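What follows is the content of target18.cif, which has mmCIF, C-alpha atoms:
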```cif
data_model
loop_
_atom_site.group_PDB
_atom_site.id
_atom_site.type_symbol
_atom_site.label_atom_id
_atom_site.label_comp_id
_atom_site.auth_asym_id
_atom_site.auth_seq_id
_atom_site.Cartn_x
_atom_site.Cartn_y
_atom_site.Cartn_z
ATOM 1 C CA MET A 1 -12.564 10.884 12.020
ATOM 2 C CA VAL A 2 -10.105 13.750 11.997
ATOM 3 C CA GLY A 3 -6.393 12.969 11.732
ATOM 4 C CA HIS A 4 -3.923 14.850 13.881
ATOM 5 C CA LEU A 5 -0.147 14.863 13.825
ATOM 6 C CA LYS A 6 2.037 13.713 16.699
ATOM 7 C CA PRO A 7 0.502 10.668 18.385
ATOM 8 C CA PRO A 8 0.052 11.222 22.112
ATOM 9 C CA THR A 9 1.886 8.080 23.264
ATOM 10 C CA ILE A 10 4.236 7.021 20.414
ATOM 11 C CA ILE A 11 7.711 8.347 21.192
ATOM 12 C CA SER A 12 9.699 6.692 18.380
ATOM 13 C CA PHE A 13 9.056 4.903 15.077
ATOM 14 C CA SER A 14 11.449 3.327 12.561
ATOM 15 C CA ALA A 15 11.379 1.153 9.434
ATOM 16 C CA ASP A 16 14.268 -1.010 8.192
ATOM 17 C CA TYR A 17 14.516 -3.165 5.076
ATOM 18 C CA ASN A 18 16.167 -6.601 5.305
ATOM 19 C CA ALA A 19 17.320 -7.302 1.740
ATOM 20 C CA ALA A 20 18.247 -10.932 2.432
ATOM 21 C CA GLN A 21 14.749 -11.744 3.705
ATOM 22 C CA GLU A 22 12.948 -9.111 1.573
ATOM 23 C CA VAL A 23 11.034 -7.993 4.660
ATOM 24 C CA VAL A 24 10.459 -4.546 6.137
ATOM 25 C CA HIS A 25 10.780 -4.483 9.932
ATOM 26 C CA LEU A 26 8.804 -1.785 11.760
ATOM 27 C CA HIS A 27 9.416 -0.829 15.391
ATOM 28 C CA TRP A 28 7.713 1.767 17.537
ATOM 29 C CA THR A 29 7.860 2.665 21.199
ATOM 30 C CA THR A 30 5.081 4.079 23.366
ATOM 31 C CA ARG A 31 4.975 5.766 26.757
ATOM 32 C CA ASN A 32 1.910 5.459 28.999
ATOM 33 C CA ALA A 33 -0.402 4.164 26.248
ATOM 34 C CA PRO A 34 -3.822 3.300 27.734
ATOM 35 C CA SER A 35 -4.636 -0.389 27.609
ATOM 36 C CA GLY A 36 -6.612 -1.163 24.431
ATOM 37 C CA GLU A 37 -5.341 1.839 22.439
ATOM 38 C CA LYS A 38 -5.241 0.901 18.728
ATOM 39 C CA PHE A 39 -2.168 1.156 16.503
ATOM 40 C CA ILE A 40 -2.880 0.868 12.769
ATOM 41 C CA ILE A 41 0.072 0.093 10.490
ATOM 42 C CA GLN A 42 -0.122 1.872 7.112
ATOM 43 C CA ARG A 43 1.859 1.695 3.860
ATOM 44 C CA SER A 44 2.066 4.040 0.842
ATOM 45 C CA LEU A 45 3.921 4.400 -2.450
ATOM 46 C CA ASP A 46 3.490 8.179 -2.704
ATOM 47 C CA SER A 47 3.506 9.292 0.966
ATOM 48 C CA VAL A 48 -0.038 10.660 0.450
ATOM 49 C CA HIS A 49 -2.412 7.710 0.034
ATOM 50 C CA PHE A 50 -1.895 5.125 2.788
ATOM 51 C CA LEU A 51 -3.360 1.618 2.999
ATOM 52 C CA ASN A 52 -3.934 -0.250 6.265
ATOM 53 C CA ILE A 53 -1.791 -3.399 6.364
ATOM 54 C CA GLY A 54 -2.092 -4.380 10.026
ATOM 55 C CA GLN A 55 -3.351 -3.461 13.456
ATOM 56 C CA THR A 56 -2.523 -4.125 17.088
ATOM 57 C CA THR A 57 -3.620 -2.820 20.477
ATOM 58 C CA SER A 58 -1.558 -1.532 23.384
ATOM 59 C CA MET A 59 -0.437 -4.270 25.727
ATOM 60 C CA SER A 60 -0.707 -2.341 28.978
ATOM 61 C CA ALA A 61 -0.436 1.119 30.449
ATOM 62 C CA GLN A 62 3.134 0.509 31.627
ATOM 63 C CA SER A 63 5.595 3.345 31.197
ATOM 64 C CA VAL A 64 7.410 2.183 28.009
ATOM 65 C CA GLN A 65 6.368 -0.542 25.572
ATOM 66 C CA HIS A 66 7.997 -1.784 22.338
ATOM 67 C CA TYR A 67 5.972 -2.973 19.317
ATOM 68 C CA TYR A 68 7.150 -4.813 16.204
ATOM 69 C CA PHE A 69 5.523 -5.505 12.845
ATOM 70 C CA ASP A 70 6.973 -7.174 9.718
ATOM 71 C CA ASP A 71 5.776 -6.436 6.192
ATOM 72 C CA PRO A 72 6.665 -9.623 4.275
ATOM 73 C CA ARG A 73 5.303 -8.288 0.964
ATOM 74 C CA PRO A 74 6.873 -4.879 0.384
ATOM 75 C CA ILE A 75 5.941 -3.674 -3.117
ATOM 76 C CA GLY A 76 7.685 -0.659 -4.622
ATOM 77 C CA SER A 77 11.081 0.960 -4.998
ATOM 78 C CA THR A 78 10.418 3.606 -2.335
ATOM 79 C CA ILE A 79 7.843 2.667 0.288
ATOM 80 C CA TYR A 80 6.476 4.829 3.091
ATOM 81 C CA TYR A 81 5.205 3.547 6.415
ATOM 82 C CA ARG A 82 3.475 5.231 9.338
ATOM 83 C CA ILE A 83 1.546 4.309 12.458
ATOM 84 C CA ALA A 84 -1.926 5.715 13.124
ATOM 85 C CA GLU A 85 -2.755 5.792 16.817
ATOM 86 C CA GLN A 86 -6.491 5.705 17.520
ATOM 87 C CA ASP A 87 -7.685 6.870 20.924
ATOM 88 C CA ALA A 88 -10.831 5.818 22.787
ATOM 89 C CA ALA A 89 -12.826 8.656 21.161
ATOM 90 C CA GLY A 90 -11.897 7.434 17.674
ATOM 91 C CA LYS A 91 -9.461 10.249 16.841
ATOM 92 C CA LEU A 92 -6.465 9.304 14.709
ATOM 93 C CA TYR A 93 -2.937 10.604 15.280
ATOM 94 C CA TYR A 94 -0.184 9.843 12.755
ATOM 95 C CA THR A 95 3.546 9.413 13.087
ATOM 96 C CA ALA A 96 5.746 11.030 10.464
ATOM 97 C CA ALA A 97 6.225 8.649 7.523
ATOM 98 C CA ALA A 98 9.386 6.543 7.450
ATOM 99 C CA ALA A 99 10.721 5.769 3.960
ATOM 100 C CA ILE A 100 12.656 2.716 2.852
ATOM 101 C CA SER A 101 14.228 2.121 -0.570
ATOM 102 C CA ARG A 102 14.709 -1.260 -2.170
ATOM 103 C CA PRO A 103 16.039 -2.410 -5.537
ATOM 104 C CA VAL A 104 13.501 -3.346 -8.201
ATOM 105 C CA THR A 105 14.572 -6.378 -10.209
ATOM 106 C CA ALA A 106 11.298 -7.349 -11.893
ATOM 107 C CA LEU A 107 8.148 -5.719 -13.210
ATOM 108 C CA THR A 108 5.393 -5.894 -10.578
ATOM 109 C CA ILE A 109 1.878 -4.530 -10.127
ATOM 110 C CA GLY A 110 -0.124 -3.987 -6.958
ATOM 111 C CA ASN A 111 -1.334 -1.570 -4.280
ATOM 112 C CA LEU A 112 -4.956 -1.516 -5.500
ATOM 113 C CA TYR A 113 -7.273 0.879 -3.668
ATOM 114 C CA ILE A 114 -10.298 3.071 -4.386
ATOM 115 C CA ASP A 115 -10.531 6.769 -3.489
ATOM 116 C CA SER A 116 -13.524 8.820 -2.358
ATOM 117 C CA SER A 117 -14.430 9.765 -5.957
ATOM 118 C CA GLY A 118 -14.614 6.123 -7.073
ATOM 119 C CA GLN A 119 -11.319 6.092 -8.980
ATOM 120 C CA VAL A 120 -9.378 2.827 -8.703
ATOM 121 C CA HIS A 121 -5.645 3.319 -8.170
ATOM 122 C CA PHE A 122 -2.870 0.800 -8.795
ATOM 123 C CA ALA A 123 0.904 0.842 -9.078
ATOM 124 C CA VAL A 124 3.296 -0.575 -11.648
ATOM 125 C CA ILE A 125 6.841 -0.917 -10.347
ATOM 126 C CA SER A 126 9.412 -1.094 -13.126
ATOM 127 C CA PRO A 127 13.127 -1.956 -12.981
ATOM 128 C CA GLN A 128 13.796 0.349 -15.944
ATOM 129 C CA PRO A 129 12.305 3.254 -17.912
ATOM 130 C CA SER A 130 10.121 1.768 -20.617
ATOM 131 C CA ILE A 131 6.812 1.706 -22.465
ATOM 132 C CA ALA A 132 4.191 -0.800 -21.395
ATOM 133 C CA ASN A 133 0.748 -1.938 -22.417
ATOM 134 C CA ILE A 134 -1.837 -2.149 -19.621
ATOM 135 C CA THR A 135 -4.834 -4.365 -20.336
ATOM 136 C CA LEU A 136 -7.875 -5.038 -18.187
ATOM 137 C CA VAL A 137 -9.565 -8.373 -18.913
ATOM 138 C CA ASP A 138 -12.262 -10.491 -17.280
ATOM 139 C CA LEU A 139 -12.316 -14.246 -16.630
ATOM 140 C CA ASN A 140 -13.681 -14.881 -20.138
ATOM 141 C CA GLY A 141 -10.804 -13.000 -21.774
ATOM 142 C CA LYS A 142 -12.931 -9.978 -22.719
ATOM 143 C CA ILE A 143 -10.802 -6.817 -22.923
ATOM 144 C CA TRP A 144 -12.381 -3.901 -21.036
ATOM 145 C CA GLN A 145 -9.462 -1.468 -21.302
ATOM 146 C CA SER A 146 -6.143 -1.397 -23.132
ATOM 147 C CA TYR A 147 -3.681 1.480 -23.321
ATOM 148 C CA LEU A 148 0.023 2.330 -23.573
ATOM 149 C CA VAL A 149 1.878 4.092 -20.745
ATOM 150 C CA ASN A 150 5.374 5.450 -20.222
ATOM 151 C CA LEU A 151 7.070 3.864 -17.238
ATOM 152 C CA LYS A 152 9.812 5.469 -15.196
ATOM 153 C CA GLN A 153 12.184 3.359 -13.167
ATOM 154 C CA GLY A 154 10.562 2.637 -9.801
ATOM 155 C CA ASN A 155 6.994 3.452 -8.732
ATOM 156 C CA ASN A 156 4.411 4.379 -11.386
ATOM 157 C CA LEU A 157 0.954 5.250 -10.085
ATOM 158 C CA PHE A 158 -2.174 5.045 -12.247
ATOM 159 C CA ALA A 159 -5.899 5.657 -11.726
ATOM 160 C CA THR A 160 -8.883 4.492 -13.744
ATOM 161 C CA ASP A 161 -12.669 4.476 -13.474
ATOM 162 C CA LEU A 162 -14.077 0.940 -13.245
ATOM 163 C CA LYS A 163 -17.709 1.786 -12.465
ATOM 164 C CA HIS A 164 -18.777 0.343 -15.830
ATOM 165 C CA LEU A 165 -17.588 -3.138 -14.806
ATOM 166 C CA THR A 166 -20.105 -5.648 -13.523
ATOM 167 C CA PRO A 167 -19.206 -7.480 -10.290
ATOM 168 C CA GLY A 168 -16.776 -10.317 -10.948
ATOM 169 C CA ILE A 169 -13.115 -11.338 -11.288
ATOM 170 C CA TYR A 170 -10.735 -9.209 -13.385
ATOM 171 C CA PHE A 171 -7.044 -8.978 -14.227
ATOM 172 C CA PHE A 172 -4.747 -6.026 -14.836
ATOM 173 C CA GLN A 173 -2.002 -7.221 -17.197
ATOM 174 C CA VAL A 174 1.146 -5.180 -17.822
ATOM 175 C CA ASN A 175 3.497 -6.045 -20.689
ATOM 176 C CA ASP A 176 6.780 -4.179 -21.070
ATOM 177 C CA LYS A 177 7.222 -3.367 -24.773
ATOM 178 C CA LYS A 178 11.017 -3.201 -24.412
ATOM 179 C CA GLY A 179 11.476 -6.742 -23.128
ATOM 180 C CA GLY A 180 11.243 -5.999 -19.409
ATOM 181 C CA GLY A 181 8.764 -8.777 -18.733
ATOM 182 C CA SER A 182 5.135 -8.809 -17.702
ATOM 183 C CA ALA A 183 3.046 -8.762 -14.541
ATOM 184 C CA MET A 184 -0.561 -9.457 -13.588
ATOM 185 C CA LEU A 185 -2.859 -8.417 -10.743
ATOM 186 C CA ARG A 186 -6.046 -10.384 -10.049
ATOM 187 C CA PHE A 187 -8.865 -8.608 -8.239
ATOM 188 C CA ALA A 188 -12.569 -8.917 -7.590
ATOM 189 C CA LYS A 189 -15.105 -6.148 -8.032
ATOM 190 C CA VAL A 190 -17.793 -6.569 -5.387
ATOM 191 C CA ASN A 191 -19.561 -3.257 -6.011
ATOM 192 C CA ASP A 192 -18.667 0.344 -6.950
ATOM 193 C CA THR A 193 -16.943 0.934 -3.621
ATOM 194 C CA THR A 194 -15.370 -2.460 -2.882
ATOM 195 C CA TYR A 195 -12.507 -4.165 -4.704
ATOM 196 C CA ARG A 196 -10.569 -7.090 -3.271
ATOM 197 C CA LEU A 197 -7.230 -8.592 -4.231
#
```

How does the structure come out when it is put into structure tokens?
Amino acid sequence: MVGHLKPPTIISFSADYNAAQEVVHLHWTTRNAPSGEKFIIQRSLDSVHFLNIGQTTSMSAQSVQHYYFDDPRPIGSTIYYRIAEQDAAGKLYYTAAAAISRPVTALTIGNLYIDSSGQVHFAVISPQPSIANITLVDLNGKIWQSYLVNLKQGNNLFATDLKHLTPGIYFFQVNDKKGGGSAMLRFAKVNDTTYRL
């Protein structure tokens, strides 16, 4: 499906971060959206690669409608959100991305996805510039990969080829070498094109 800019019925879109609740509130408004039109909520750490995190359909074809969506698990220092509107023919139209910034107080890892070439991407979010060891292990403790990386403060995006792994449960472990803590991401490899958190 081809993506086009400027959704035909979305007239406004905003994202706000509630620091007390650690939730991102999304709000968009439509005008004359056909009943059953799909709205796909997407999130990104680099404003290029977006992951679907939710979906809803238009409530009615009334003149103006308001929609709300909360992201209770925002991961990253700067996070981008957009809405993809899908029409009856399957065409996708995207809003401009809305960015929110949030403080990073602990080392975290997440945002696992696979691209069209089979590379697996993940993010390490660091509260400080540092050096970290990234290790990939299976349920039996076998180490499949281990390497050092330089971390900048905020979002750090990495890609690796995991085609050599057999289907099963694995863990990415990140250990900050300068005392910034550690983080772990558990995922399942189903096949060469499917990975699940």

Open item on the list: Excluding A:Gly179 and its own-chain neighbours fewer than 4 positions away, which residues fall within 12 Å of it when counting all atoms listed in the file? Please give them as an MDAnalysis selection string.
Closed with: chainID A and resid 106:107 126:133 174:175

Write out, as a PDB file, in the frame of the given file, the residues just selected, with C-alpha atoms.
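Dumped everything to out24.pdb:
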```
ATOM      1  CA  ALA A 106      11.298  -7.349 -11.893  1.00  0.00           C
ATOM      2  CA  LEU A 107       8.148  -5.719 -13.210  1.00  0.00           C
ATOM      3  CA  SER A 126       9.412  -1.094 -13.126  1.00  0.00           C
ATOM      4  CA  PRO A 127      13.127  -1.956 -12.981  1.00  0.00           C
ATOM      5  CA  GLN A 128      13.796   0.349 -15.944  1.00  0.00           C
ATOM      6  CA  PRO A 129      12.305   3.254 -17.912  1.00  0.00           C
ATOM      7  CA  SER A 130      10.121   1.768 -20.617  1.00  0.00           C
ATOM      8  CA  ILE A 131       6.812   1.706 -22.465  1.00  0.00           C
ATOM      9  CA  ALA A 132       4.191  -0.800 -21.395  1.00  0.00           C
ATOM     10  CA  ASN A 133       0.748  -1.938 -22.417  1.00  0.00           C
ATOM     11  CA  VAL A 174       1.146  -5.180 -17.822  1.00  0.00           C
ATOM     12  CA  ASN A 175       3.497  -6.045 -20.689  1.00  0.00           C
TER      13      ASN A 175
END
```

Open item on the list: Just to confirm, what's the straight-line distance from atom CA of A:Leu112 to atom CA of A:Gly141 in Å (one decimal)?
Closed with: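 Atom CA of A:Leu112 sits 20.8 Å away from atom CA of A:Gly141.
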
- [ ] Record the distance separating atom CA of A:Thr135 and atom CA of A:His49, expressed in Å with one decimal.
- [x]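 Atom CA of A:His49 lies at a distance of 23.8 Å from atom CA of A:Thr135.
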
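The shortest atom-to-atom distance to A:Gly181, with only C-alpha atoms taken into account, belongs to A:Ile109 out of A:Val120, A:Ala84, A:Val24, A:Ile109.
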
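Residues matching the PyMOL selection byres ((chain A and resi 26) around 8) in this structure come to Phe13, Ser14, Ala15, Asp16, Val24, His25, His27, Trp28, Tyr68, Phe69, Asp70 and Asp71 of chain A.
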
For A:Thr78, please output as a PDB file with C-alpha atoms, in the coordinates of the input all residues within 10 Å (counting only C-alpha atoms; exclusion window: fewer than 6 positions along the same chain).
```
ATOM      1  CA  SER A  44       2.066   4.040   0.842  1.00  0.00           C
ATOM      2  CA  LEU A  45       3.921   4.400  -2.450  1.00  0.00           C
ATOM      3  CA  ASP A  46       3.490   8.179  -2.704  1.00  0.00           C
ATOM      4  CA  SER A  47       3.506   9.292   0.966  1.00  0.00           C
ATOM      5  CA  ALA A  99      10.721   5.769   3.960  1.00  0.00           C
ATOM      6  CA  ILE A 100      12.656   2.716   2.852  1.00  0.00           C
ATOM      7  CA  SER A 101      14.228   2.121  -0.570  1.00  0.00           C
ATOM      8  CA  ARG A 102      14.709  -1.260  -2.170  1.00  0.00           C
ATOM      9  CA  PRO A 103      16.039  -2.410  -5.537  1.00  0.00           C
ATOM     10  CA  VAL A 104      13.501  -3.346  -8.201  1.00  0.00           C
ATOM     11  CA  ILE A 125       6.841  -0.917 -10.347  1.00  0.00           C
ATOM     12  CA  GLY A 154      10.562   2.637  -9.801  1.00  0.00           C
ATOM     13  CA  ASN A 155       6.994   3.452  -8.732  1.00  0.00           C
TER      14      ASN A 155
END
```

Task: Pick from A:Leu151, A:Ala123, A:Leu165, A:Ala159, whichever lies nearest to A:Leu185 using all atoms listed in the file - done: A:Ala123

If we count all atoms listed in the file, what is near A:Ser63 at a cut-off of 9 Å, once residues fewer than 5 positions away on the same chain are taken out, given as a compact mmCIF listing (two decimals) with C-alpha atoms, in the frame of the given file?
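Result went into out-v3.txt, see below:
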```
# COMPACT_ATOMS: atom_id res chain seq x y z
CA THR A 30 5.08 4.08 23.37
CA ARG A 31 4.97 5.77 26.76
CA ASN A 32 1.91 5.46 29.00
CA ALA A 33 -0.40 4.16 26.25
```
